[in-house]
file work00.cif (mmCIF, C-alpha atoms and all ligand atoms)
data_my_file
#
loop_
_atom_site.label_atom_id
_atom_site.label_comp_id
_atom_site.auth_asym_id
_atom_site.auth_seq_id
_atom_site.Cartn_x
_atom_site.Cartn_y
_atom_site.Cartn_z
CA MET A 1345 -8.39 1.57 -16.79
CA LEU A 1346 -10.17 0.79 -13.56
CA VAL A 1347 -8.40 1.67 -10.30
CA THR A 1348 -10.15 0.34 -7.19
CA GLY A 1349 -9.11 2.15 -4.03
CA GLY A 1350 -8.21 4.99 -6.40
CA ALA A 1351 -8.85 7.76 -3.86
CA GLY A 1352 -6.39 6.24 -1.39
CA PHE A 1353 -2.70 6.95 -0.94
CA LEU A 1354 -1.26 4.66 -3.61
CA GLY A 1355 -4.38 4.64 -5.78
CA SER A 1356 -4.38 8.42 -6.22
CA HIS A 1357 -0.73 8.43 -7.31
CA LEU A 1358 -1.51 5.63 -9.74
CA CYS A 1359 -4.46 7.64 -11.16
CA ASP A 1360 -2.09 10.62 -11.62
CA ARG A 1361 0.38 8.48 -13.51
CA LEU A 1362 -2.25 6.85 -15.73
CA ILE A 1363 -3.84 10.21 -16.59
CA ALA A 1364 -0.37 11.64 -17.33
CA GLU A 1365 0.13 8.78 -19.79
CA GLY A 1366 -3.12 9.62 -21.59
CA CYS A 1367 -5.30 6.78 -20.24
CA SER A 1368 -9.01 7.01 -19.43
CA VAL A 1369 -9.40 6.19 -15.76
CA VAL A 1370 -12.40 5.02 -13.75
CA CYS A 1371 -11.53 5.50 -10.10
CA VAL A 1372 -13.65 3.45 -7.69
CA ASP A 1373 -13.60 4.00 -3.94
CA ASN A 1374 -15.92 3.74 -0.94
CA PHE A 1375 -13.90 6.46 0.87
CA PHE A 1376 -13.31 4.32 3.94
CA THR A 1377 -9.70 5.46 4.19
CA GLY A 1378 -9.42 7.36 0.92
CA ALA A 1379 -10.40 10.99 0.42
CA LYS A 1380 -11.84 13.02 -2.42
CA ARG A 1381 -9.12 15.61 -1.86
CA ASN A 1382 -6.55 13.03 -3.06
CA VAL A 1383 -8.09 13.10 -6.54
CA ALA A 1384 -9.77 16.54 -6.46
CA HIS A 1385 -7.23 17.88 -8.96
CA LEU A 1386 -8.31 15.20 -11.48
CA LEU A 1387 -12.08 15.70 -11.24
CA ASN A 1388 -12.28 18.14 -14.16
CA HIS A 1389 -10.02 16.08 -16.39
CA PRO A 1390 -11.98 14.60 -19.32
CA GLY A 1391 -10.20 11.26 -18.95
CA PHE A 1392 -11.09 10.84 -15.27
CA GLU A 1393 -14.25 9.50 -13.63
CA LEU A 1394 -14.82 8.99 -9.91
CA LEU A 1395 -17.35 6.41 -8.73
CA ARG A 1396 -18.38 5.76 -5.12
CA HIS A 1397 -18.67 2.00 -4.87
CA ASP A 1398 -17.80 -0.77 -2.44
CA VAL A 1399 -15.90 -3.60 -4.15
CA THR A 1400 -17.59 -6.20 -1.96
CA PHE A 1401 -20.53 -5.67 -4.36
CA PRO A 1402 -20.34 -6.54 -8.07
CA LEU A 1403 -19.40 -3.78 -10.48
CA TYR A 1404 -20.41 -3.59 -14.15
CA VAL A 1405 -18.18 -1.31 -16.21
CA GLU A 1406 -16.33 -1.79 -19.50
CA VAL A 1407 -12.58 -1.68 -18.98
CA ASN A 1408 -9.36 -3.03 -20.51
CA GLN A 1409 -7.23 -3.14 -17.39
CA ILE A 1410 -7.98 -3.34 -13.67
CA PHE A 1411 -5.72 -2.27 -10.82
CA ASN A 1412 -7.25 -3.74 -7.66
CA LEU A 1413 -5.98 -1.66 -4.74
CA ALA A 1414 -9.15 -1.38 -2.62
CA CYS A 1415 -8.38 -2.43 0.95
CA PRO A 1416 -7.51 -0.50 4.10
CA ALA A 1417 -3.76 -0.92 4.54
CA SER A 1418 -2.95 0.25 8.04
CA PRO A 1419 -3.58 -1.87 11.17
CA ILE A 1420 -5.73 0.83 12.82
CA HIS A 1421 -8.07 0.87 9.82
CA TYR A 1422 -8.10 -2.80 8.88
CA GLN A 1423 -8.69 -3.85 12.50
CA HIS A 1424 -11.56 -1.36 12.88
CA ASP A 1425 -13.94 -3.75 11.07
CA PRO A 1426 -11.99 -6.96 10.50
CA VAL A 1427 -14.90 -8.81 8.88
CA GLN A 1428 -15.26 -6.03 6.31
CA THR A 1429 -11.48 -6.17 5.74
CA THR A 1430 -11.57 -9.85 4.85
CA LYS A 1431 -14.65 -9.25 2.69
CA THR A 1432 -12.90 -6.42 0.87
CA SER A 1433 -9.92 -8.62 0.05
CA VAL A 1434 -11.84 -11.81 -0.74
CA HIS A 1435 -15.24 -10.69 -2.10
CA GLY A 1436 -13.50 -7.68 -3.68
CA ALA A 1437 -11.08 -10.01 -5.48
CA ILE A 1438 -13.92 -12.30 -6.61
CA ASN A 1439 -15.91 -9.34 -7.94
CA MET A 1440 -12.96 -7.77 -9.74
CA LEU A 1441 -11.80 -11.11 -11.15
CA GLY A 1442 -15.37 -11.73 -12.33
CA LEU A 1443 -15.30 -8.35 -14.05
CA ALA A 1444 -11.93 -9.18 -15.63
CA LYS A 1445 -13.32 -12.52 -16.83
CA ARG A 1446 -16.35 -10.86 -18.45
CA THR A 1447 -14.38 -8.03 -20.09
CA ARG A 1448 -11.19 -10.10 -20.70
CA ALA A 1449 -9.29 -7.31 -18.92
CA LYS A 1450 -5.80 -7.75 -17.57
CA ILE A 1451 -5.93 -7.51 -13.78
CA PHE A 1452 -3.38 -6.36 -11.18
CA GLN A 1453 -3.57 -7.17 -7.48
CA ALA A 1454 -2.01 -5.00 -4.78
CA SER A 1455 -0.84 -7.76 -2.46
CA THR A 1456 1.47 -7.22 0.44
CA SER A 1457 4.62 -8.28 2.22
CA GLU A 1458 2.26 -9.21 5.08
CA VAL A 1459 1.63 -12.50 3.24
CA TYR A 1460 5.06 -13.48 4.63
CA GLY A 1461 3.83 -12.89 8.20
CA ASP A 1462 6.62 -12.94 10.78
CA PRO A 1463 9.23 -14.47 8.48
CA GLU A 1464 11.94 -16.99 9.38
CA VAL A 1465 13.96 -16.01 6.29
CA HIS A 1466 15.52 -12.68 5.61
CA PRO A 1467 15.23 -11.04 3.12
CA GLN A 1468 11.97 -12.54 1.82
CA ALA A 1469 11.93 -13.87 -1.73
CA GLU A 1470 8.69 -14.69 -3.55
CA SER A 1471 9.38 -18.42 -3.16
CA TYR A 1472 9.00 -18.14 0.65
CA TRP A 1473 5.52 -19.28 1.75
CA GLY A 1474 5.38 -17.20 4.91
CA ARG A 1475 4.64 -17.69 8.60
CA VAL A 1476 1.22 -16.23 9.27
CA ASN A 1477 -1.00 -16.54 12.33
CA PRO A 1478 -4.44 -17.47 10.95
CA ILE A 1479 -6.40 -16.38 14.05
CA GLY A 1480 -4.66 -13.22 15.27
CA ILE A 1481 -5.74 -9.61 15.10
CA ARG A 1482 -3.77 -9.02 11.87
CA SER A 1483 -5.15 -12.14 10.19
CA CYS A 1484 -8.11 -10.37 8.56
CA TYR A 1485 -5.58 -8.45 6.47
CA ASP A 1486 -2.81 -11.04 6.05
CA GLU A 1487 -5.06 -14.03 5.33
CA GLY A 1488 -7.47 -11.91 3.27
CA LYS A 1489 -4.58 -10.92 1.02
CA ARG A 1490 -3.29 -14.51 0.89
CA CYS A 1491 -6.74 -15.74 -0.15
CA ALA A 1492 -6.93 -12.99 -2.80
CA GLU A 1493 -3.62 -14.25 -4.25
CA THR A 1494 -5.06 -17.77 -4.33
CA LEU A 1495 -8.12 -16.50 -6.21
CA PHE A 1496 -5.95 -14.65 -8.71
CA PHE A 1497 -3.92 -17.75 -9.49
CA ASP A 1498 -7.01 -19.98 -9.69
CA TYR A 1499 -8.71 -17.58 -12.12
CA HIS A 1500 -5.46 -17.57 -14.09
CA ARG A 1501 -5.27 -21.37 -14.23
CA GLN A 1502 -9.00 -22.04 -14.56
CA HIS A 1503 -10.15 -19.12 -16.73
CA ARG A 1504 -6.86 -18.10 -18.38
CA LEU A 1505 -7.05 -14.56 -16.99
CA ARG A 1506 -4.01 -12.36 -17.43
CA ILE A 1507 -2.97 -11.56 -13.87
CA LYS A 1508 -0.25 -9.47 -12.23
CA VAL A 1509 0.33 -9.84 -8.51
CA ALA A 1510 2.61 -7.35 -6.72
CA ARG A 1511 3.70 -7.91 -3.13
CA ILE A 1512 4.15 -4.39 -1.85
CA PHE A 1513 6.53 -3.60 1.00
CA ASN A 1514 6.21 -0.51 3.26
CA THR A 1515 5.65 2.47 1.00
CA TYR A 1516 5.39 6.09 2.06
CA GLY A 1517 4.88 9.51 0.53
CA PRO A 1518 2.48 12.45 0.21
CA ARG A 1519 -1.25 11.62 0.68
CA MET A 1520 -0.67 8.97 3.31
CA HIS A 1521 -3.52 9.14 5.80
CA PRO A 1522 -2.33 11.41 8.65
CA HIS A 1523 -3.91 9.30 11.41
CA ASP A 1524 -3.39 5.76 10.15
CA GLY A 1525 -0.77 4.80 12.72
CA ARG A 1526 1.75 3.78 10.07
CA VAL A 1527 5.26 4.43 11.22
CA VAL A 1528 6.34 7.07 8.70
CA SER A 1529 3.18 9.20 8.90
CA ASN A 1530 3.04 8.75 12.68
CA PHE A 1531 6.60 9.92 13.21
CA ILE A 1532 6.23 12.88 10.83
CA VAL A 1533 2.98 14.11 12.38
CA GLN A 1534 4.41 13.68 15.89
CA ALA A 1535 7.61 15.50 14.93
CA LEU A 1536 5.83 18.38 13.18
CA THR A 1537 3.60 18.88 16.20
CA ASN A 1538 6.51 18.49 18.67
CA GLN A 1539 4.76 15.59 20.39
CA PRO A 1540 6.76 12.64 21.75
CA ILE A 1541 7.64 10.11 19.05
CA THR A 1542 6.31 6.70 20.03
CA ILE A 1543 8.57 3.76 19.28
CA PHE A 1544 7.08 0.31 19.74
CA GLY A 1545 9.51 -2.11 21.38
CA ASP A 1546 13.16 -1.09 21.63
CA GLY A 1547 13.27 0.37 18.10
CA SER A 1548 15.76 -2.22 16.85
CA GLN A 1549 13.17 -3.89 14.56
CA SER A 1550 14.02 -3.13 10.95
CA ARG A 1551 11.89 -1.97 8.04
CA SER A 1552 12.58 -0.97 4.48
CA PHE A 1553 10.79 2.08 3.10
CA CYS A 1554 9.90 2.59 -0.56
CA TYR A 1555 9.00 6.01 -1.90
CA VAL A 1556 5.67 6.14 -3.70
CA SER A 1557 7.00 7.24 -7.13
CA ASP A 1558 9.33 4.23 -7.20
CA LEU A 1559 6.46 1.90 -6.38
CA ILE A 1560 4.13 3.31 -9.05
CA GLU A 1561 6.90 2.85 -11.62
CA GLY A 1562 7.04 -0.81 -10.51
CA PHE A 1563 3.23 -1.13 -10.95
CA MET A 1564 3.45 0.26 -14.50
CA ARG A 1565 6.30 -2.03 -15.48
CA LEU A 1566 4.59 -5.09 -14.04
CA MET A 1567 1.31 -4.30 -15.81
CA ALA A 1568 3.16 -3.76 -19.11
CA SER A 1569 5.24 -6.93 -18.78
CA PRO A 1570 4.66 -9.99 -21.01
CA ASP A 1571 1.64 -12.16 -20.09
CA GLU A 1572 3.82 -14.95 -18.68
CA VAL A 1573 5.02 -12.58 -15.94
CA THR A 1574 2.19 -13.11 -13.46
CA GLY A 1575 4.10 -12.51 -10.24
CA PRO A 1576 3.95 -12.60 -7.38
CA VAL A 1577 6.70 -9.99 -7.57
CA ASN A 1578 8.10 -8.17 -4.56
CA LEU A 1579 8.12 -4.38 -4.93
CA GLY A 1580 9.90 -2.45 -2.24
CA ASN A 1581 13.14 -0.81 -1.27
CA PRO A 1582 15.66 -3.30 0.13
CA VAL A 1583 17.66 -0.69 2.05
CA GLU A 1584 17.01 -1.38 5.73
CA PHE A 1585 16.64 1.06 8.59
CA THR A 1586 15.79 0.42 12.20
CA ILE A 1587 12.72 2.15 13.55
CA ALA A 1588 14.97 4.12 15.92
CA GLU A 1589 17.06 5.35 12.94
CA LEU A 1590 13.91 6.43 11.12
CA ALA A 1591 12.77 8.39 14.18
CA GLU A 1592 16.13 10.19 14.45
CA LEU A 1593 16.07 11.08 10.73
CA VAL A 1594 12.53 12.48 10.94
CA ILE A 1595 13.48 14.57 13.98
CA LYS A 1596 16.52 15.92 12.10
CA LEU A 1597 14.60 16.78 8.90
CA THR A 1598 11.75 18.51 10.75
CA ASN A 1599 14.01 20.31 13.26
CA SER A 1600 11.64 18.92 15.85
CA LYS A 1601 11.93 19.16 19.63
CA SER A 1602 10.16 15.81 20.01
CA LYS A 1603 11.55 13.24 22.44
CA LEU A 1604 11.47 9.48 21.87
CA ILE A 1605 9.19 7.35 24.08
CA ARG A 1606 8.86 3.57 24.04
CA ASN A 1607 5.64 1.52 24.10
CA PRO A 1608 5.17 -2.27 24.20
CA LEU A 1609 5.37 -4.10 20.85
CA PRO A 1610 1.90 -4.96 19.43
CA GLN A 1611 0.88 -8.62 18.89
CA ASP A 1612 2.34 -10.32 15.78
CA ASP A 1613 4.51 -7.32 14.86
CA PRO A 1614 7.27 -8.66 12.59
CA LYS A 1615 10.84 -8.09 13.82
CA GLN A 1616 12.41 -7.75 10.40
CA ARG A 1617 10.99 -6.94 7.00
CA LYS A 1618 13.07 -6.54 3.86
CA PRO A 1619 12.24 -7.44 0.26
CA ASP A 1620 14.39 -9.55 -1.99
CA THR A 1621 13.83 -7.65 -5.25
CA THR A 1622 15.96 -9.85 -7.51
CA LEU A 1623 12.87 -10.97 -9.45
CA ALA A 1624 11.64 -7.41 -10.07
CA GLU A 1625 15.14 -6.45 -11.22
CA SER A 1626 15.43 -9.37 -13.64
CA LYS A 1627 11.84 -9.46 -15.00
CA LEU A 1628 10.96 -5.76 -14.93
CA GLY A 1629 14.37 -4.03 -14.87
CA TRP A 1630 13.02 -2.25 -11.78
CA ARG A 1631 14.57 -1.19 -8.53
CA ALA A 1632 13.80 1.53 -6.02
CA THR A 1633 15.98 4.58 -6.51
CA VAL A 1634 14.71 7.37 -4.22
CA PRO A 1635 16.83 7.61 -1.03
CA LEU A 1636 14.92 7.71 2.28
CA GLU A 1637 16.07 11.23 3.10
CA LYS A 1638 14.80 12.61 -0.25
CA GLY A 1639 11.45 10.82 0.02
CA LEU A 1640 11.00 11.97 3.60
CA GLU A 1641 11.60 15.60 2.59
CA GLN A 1642 8.68 15.38 0.11
CA THR A 1643 6.46 13.64 2.61
CA ILE A 1644 7.26 16.10 5.40
CA ALA A 1645 6.48 18.99 3.03
CA TYR A 1646 3.07 17.41 2.30
CA PHE A 1647 2.17 16.97 5.96
CA ASP A 1648 3.43 20.43 6.83
CA GLU A 1649 1.13 21.88 4.15
CA LEU A 1650 -1.77 19.73 5.41
CA LEU A 1651 -1.17 21.06 8.90
CA ARG A 1652 -1.22 24.65 7.79
CA THR A 1653 -4.03 24.58 5.22
CA THR A 1654 -6.69 22.10 6.28
CA GLY A 1655 -6.41 22.29 10.04
CA GLU A 1656 -6.79 18.51 9.92
CA LEU A 1657 -3.97 18.14 12.38
CA ALA A 1658 -4.87 21.23 14.36
CA GLY A 1659 -5.72 19.25 17.48
CA ALA A 1660 -2.42 17.46 17.34
CA ARG A 1661 -0.46 20.68 16.79
CA ALA A 1662 -2.14 22.42 19.73
CA ARG A 1663 -1.25 19.62 22.15
N1 LIG B 1 1.13 1.58 1.41
C1 LIG B 1 1.75 0.45 1.66
O1 LIG B 1 2.85 0.48 2.24
C2 LIG B 1 1.17 -0.88 1.24
C3 LIG B 1 1.92 -2.03 1.53
C4 LIG B 1 1.41 -3.25 1.14
C5 LIG B 1 0.22 -3.33 0.45
N2 LIG B 1 -0.48 -2.21 0.18
C6 LIG B 1 -1.77 -2.36 -0.53
O2 LIG B 1 -1.95 -1.34 -1.50
C7 LIG B 1 -3.32 -0.98 -1.55
C8 LIG B 1 -3.46 0.52 -1.35
O3 LIG B 1 -2.95 0.86 -0.07
P1 LIG B 1 -2.79 2.37 0.43
O4 LIG B 1 -1.55 2.44 1.22
O5 LIG B 1 -2.99 3.29 -0.70
O6 LIG B 1 -3.99 2.44 1.48
P2 LIG B 1 -5.24 3.41 1.55
O7 LIG B 1 -6.02 3.02 2.75
O8 LIG B 1 -4.80 4.82 1.41
O9 LIG B 1 -6.04 3.03 0.23
C9 LIG B 1 -7.00 2.02 0.16
C10 LIG B 1 -8.21 2.59 -0.58
O10 LIG B 1 -9.19 1.56 -0.71
C11 LIG B 1 -10.45 2.10 -0.39
N3 LIG B 1 -11.30 1.01 0.05
C12 LIG B 1 -11.21 0.27 1.18
N4 LIG B 1 -12.17 -0.66 1.22
C13 LIG B 1 -12.89 -0.52 0.06
C14 LIG B 1 -14.00 -1.18 -0.48
N5 LIG B 1 -14.59 -2.20 0.17
N6 LIG B 1 -14.49 -0.77 -1.68
C15 LIG B 1 -13.91 0.27 -2.34
N7 LIG B 1 -12.84 0.94 -1.87
C16 LIG B 1 -12.34 0.54 -0.68
C17 LIG B 1 -10.16 3.13 0.70
O11 LIG B 1 -11.19 4.07 0.87
C18 LIG B 1 -8.87 3.74 0.18
O12 LIG B 1 -9.11 4.81 -0.70
C19 LIG B 1 -4.05 -1.80 -0.50
O13 LIG B 1 -4.64 -2.92 -1.12
C20 LIG B 1 -2.94 -2.24 0.42
O14 LIG B 1 -3.23 -3.46 1.05
C21 LIG B 1 -0.03 -0.97 0.56
#
call {"tool": "encode", "arguments": {"input": "work00.cif", "output": "structure tokens"}}
result
Amino acid sequence: MLVTGGAGFLGSHLCDRLIAEGCSVVCVDNFFTGAKRNVAHLLNHPGFELLRHDVTFPLYVEVNQIFNLACPASPIHYQHDPVQTTKTSVHGAINMLGLAKRTRAKIFQASTSEVYGDPEVHPQAESYWGRVNPIGIRSCYDEGKRCAETLFFDYHRQHRLRIKVARIFNTYGPRMHPHDGRVVSNFIVQALTNQPITIFGDGSQSRSFCYVSDLIEGFMRLMASPDEVTGPVNLGNPVEFTIAELAELVIKLTNSKSKLIRNPLPQDDPKQRKPDTTLAESKLGWRATVPLEKGLEQTIAYFDELLRTTGELAGARAR
């Protein structure tokens, strides 16, 4: 099994799951947003191999299955070098699809709910084509991922590759990057350090939050599904919360003294985001099961530990 982006948040949980199931795993990462510490516990495992490599360059390894997760996922990181972000999605997809073609491997793409852009329909089903700004500051990510989907389906039609495309909705859990600006990690770090919790806009915009173990179960089921199940398949938790509700819950679970402050809404920020998971339920028998409060407890425990042991958040805590 090849996992690109394997030292990242989702990739490292996927590596854990594959190793637990007895697979041999080649984990590929350029460590742009990933970290060795996410897979450090696997380094001595005989079935695990870690390779520093950038997927925008070709890769020659012998594998049966490829999970293509390499791509920075948070706006702060993907906007840092937008040209590299598009290259990672597009050249990365071409390189991994080329590898799949040569080895006849089955290949999985970590796509995103961002392919729906700022949607006019709610919730979003896979049949919805999206409303995406092609020239905005989020376009390197959104359009890069859309183009990657196109490549996957063209390789499927033209070269008969076995493909699996998952459209992932907001997922959270331990090993999220502490400074990536994503709402769950942001709120938790702010609450644990008793800093003000920044809400963009009035906090009435809604999001759905999927816990990482639920998502990885969805990945495994999709990869194991019959060849005719190509996706795209939405994977996410359809239970909606407003951003203000999330902030209140994080404050409660951390016993924080943080106050809420409001900042202007960033450009192209979607107002609502909720998956229609009917397809995943019918084709994969999958649905998210971990309640937000339970998942947040695990995630808060992870960040609390990170704060105390690595000093990574020391600056934030001192403020
Ligand atoms: N977490 C979510 O809520 C979410 C939602 C939708 C889609 N996704 C997708 O899932 C995948 C994993 O996301 P994540 O949340 O784990 O983010 P992440 O940033 O933690 O992981 C991405 C990994 O890819 C690596 N990477 C980036 N560019 C690379 C390159 N050119 N070559 C090799 N490695 C590279 C990073 O170093 C990192 O380890 C991404 O493709 C992302 O777009 C995630």
call {"tool": "closest_residue", "arguments": {"input": "work00.cif", "among": "A:Thr1377, A:Ser1368, A:Thr1430, A:Gln1549", "to": "ligand LIG 1 (chain B)", "atoms": "all atoms listed in the file"}}
result
A:Thr1377
call {"tool": "residues_near_ligand", "arguments": {"input": "work00.cif", "ligand": "ligand LIG 1 (chain B)", "cutoff": "8 Å", "atoms": "all atoms listed in the file", "output": "PyMOL selection string"}}
result
chain A and resi 1348-1356+1372-1379+1396-1400+1412-1418+1421+1428-1429+1431-1433+1436+1453-1458+1485+1489+1511-1516+1519-1521+1554
call {"tool": "closest_residue", "arguments": {"input": "work00.cif", "among": "A:Ile1644, A:Lys1638, A:Val1370, A:Ala1510", "to": "A:Glu1393", "atoms": "all atoms listed in the file"}}
result
A:Val1370
call {"tool": "atom_distance", "arguments": {"input": "work00.cif", "atom1": "atom CA of A:Leu1441", "atom2": "atom CA of A:Pro1478"}}
result
24.1 Å
call {"tool": "atom_distance", "arguments": {"input": "work00.cif", "atom1": "atom CA of A:Ser1569", "atom2": "atom CA of A:Arg1506"}}
result
10.8 Å
call {"tool": "axis_aligned_box", "arguments": {"input": "work00.cif", "around": "stretch 1437-1443 of chain A", "padding_each_side": "8 Å", "output": "lines of an AutoDock Vina configuration file"}}
result
center_x = -13.5
center_y = -10.0
center_z = -9.8
size_x = 20.8
size_y = 20.5
size_z = 24.6
call {"tool": "residues_around", "arguments": {"input": "work00.cif", "residues": "A:Leu1640", "least_positions_apart": "2", "cutoff": "9 Å", "atoms": "only C-alpha atoms", "output": "VMD selection string"}}
result
chain A and resid 1516 to 1517 1528 1532 1555 1593 to 1594 1597 1635 to 1638 1642 to 1645
call {"tool": "residues_near_point", "arguments": {"input": "work00.cif", "point": "(6.4, 13.1, 21.7)", "cutoff": "9 Å", "atoms": "all atoms listed in the file", "output": "PyMOL selection string"}}
result
chain A and resi 1534-1535+1537-1542+1601-1605
call {"tool": "residues_around", "arguments": {"input": "work00.cif", "residues": "A:Gly1461", "least_positions_apart": "2", "cutoff": "10 Å", "atoms": "all atoms listed in the file", "output": "PyMOL selection string"}}
result
chain A and resi 1456-1459+1463-1464+1473-1478+1482-1483+1486-1487+1612-1614+1617
call {"tool": "write_last_selection", "arguments": {"input": "work00.cif", "atoms": "C-alpha atoms", "output": "PDB file, keeping the file's coordinate frame"}}
result
ATOM      1  CA  THR A1456       1.470  -7.220   0.440  1.00  0.00           C
ATOM      2  CA  SER A1457       4.620  -8.280   2.220  1.00  0.00           C
ATOM      3  CA  GLU A1458       2.260  -9.210   5.080  1.00  0.00           C
ATOM      4  CA  VAL A1459       1.630 -12.500   3.240  1.00  0.00           C
ATOM      5  CA  PRO A1463       9.230 -14.470   8.480  1.00  0.00           C
ATOM      6  CA  GLU A1464      11.940 -16.990   9.380  1.00  0.00           C
ATOM      7  CA  TRP A1473       5.520 -19.280   1.750  1.00  0.00           C
ATOM      8  CA  GLY A1474       5.380 -17.200   4.910  1.00  0.00           C
ATOM      9  CA  ARG A1475       4.640 -17.690   8.600  1.00  0.00           C
ATOM     10  CA  VAL A1476       1.220 -16.230   9.270  1.00  0.00           C
ATOM     11  CA  ASN A1477      -1.000 -16.540  12.330  1.00  0.00           C
ATOM     12  CA  PRO A1478      -4.440 -17.470  10.950  1.00  0.00           C
ATOM     13  CA  ARG A1482      -3.770  -9.020  11.870  1.00  0.00           C
ATOM     14  CA  SER A1483      -5.150 -12.140  10.190  1.00  0.00           C
ATOM     15  CA  ASP A1486      -2.810 -11.040   6.050  1.00  0.00           C
ATOM     16  CA  GLU A1487      -5.060 -14.030   5.330  1.00  0.00           C
ATOM     17  CA  ASP A1612       2.340 -10.320  15.780  1.00  0.00           C
ATOM     18  CA  ASP A1613       4.510  -7.320  14.860  1.00  0.00           C
ATOM     19  CA  PRO A1614       7.270  -8.660  12.590  1.00  0.00           C
ATOM     20  CA  ARG A1617      10.990  -6.940   7.000  1.00  0.00           C
TER      21      ARG A1617
END
call {"tool": "residues_around", "arguments": {"input": "work00.cif", "residues": "stretch 1384-1392 of chain A", "least_positions_apart": "4", "cutoff": "9 Å", "atoms": "all atoms listed in the file", "output": "PyMOL selection string"}}
result
chain A and resi 1359-1360+1363+1366-1371+1379-1380
call {"tool": "residues_around", "arguments": {"input": "work00.cif", "residues": "A:Asp1571", "least_positions_apart": "2", "cutoff": "10 Å", "atoms": "all atoms listed in the file", "output": "number ranges by chain"}}
result
A: 1450, 1505-1508, 1566-1569, 1573-1574
call {"tool": "closest_residue", "arguments": {"input": "work00.cif", "among": "A:Asn1581, A:Thr1622, A:Thr1494, A:Asn1382", "to": "A:Leu1358", "atoms": "only C-alpha atoms"}}
result
A:Asn1382
call {"tool": "atom_distance", "arguments": {"input": "work00.cif", "atom1": "atom CA of A:Asn1599", "atom2": "atom CA of A:Asp1558"}}
result
26.4 Å
call {"tool": "closest_residue", "arguments": {"input": "work00.cif", "among": "A:Cys1491, A:Ala1591, A:Leu1609, A:Leu1536", "to": "A:Leu1651", "atoms": "only C-alpha atoms"}}
result
A:Leu1536
call {"tool": "closest_residue", "arguments": {"input": "work00.cif", "among": "A:Gly1545, A:Pro1582, A:Pro1570, A:Gly1480", "to": "A:Lys1615", "atoms": "only C-alpha atoms"}}
result
A:Gly1545
call {"tool": "closest_residue", "arguments": {"input": "work00.cif", "among": "A:Gly1562, A:Gly1442, A:Pro1467, A:Pro1419", "to": "A:Gly1629", "atoms": "only C-alpha atoms"}}
result
A:Gly1562
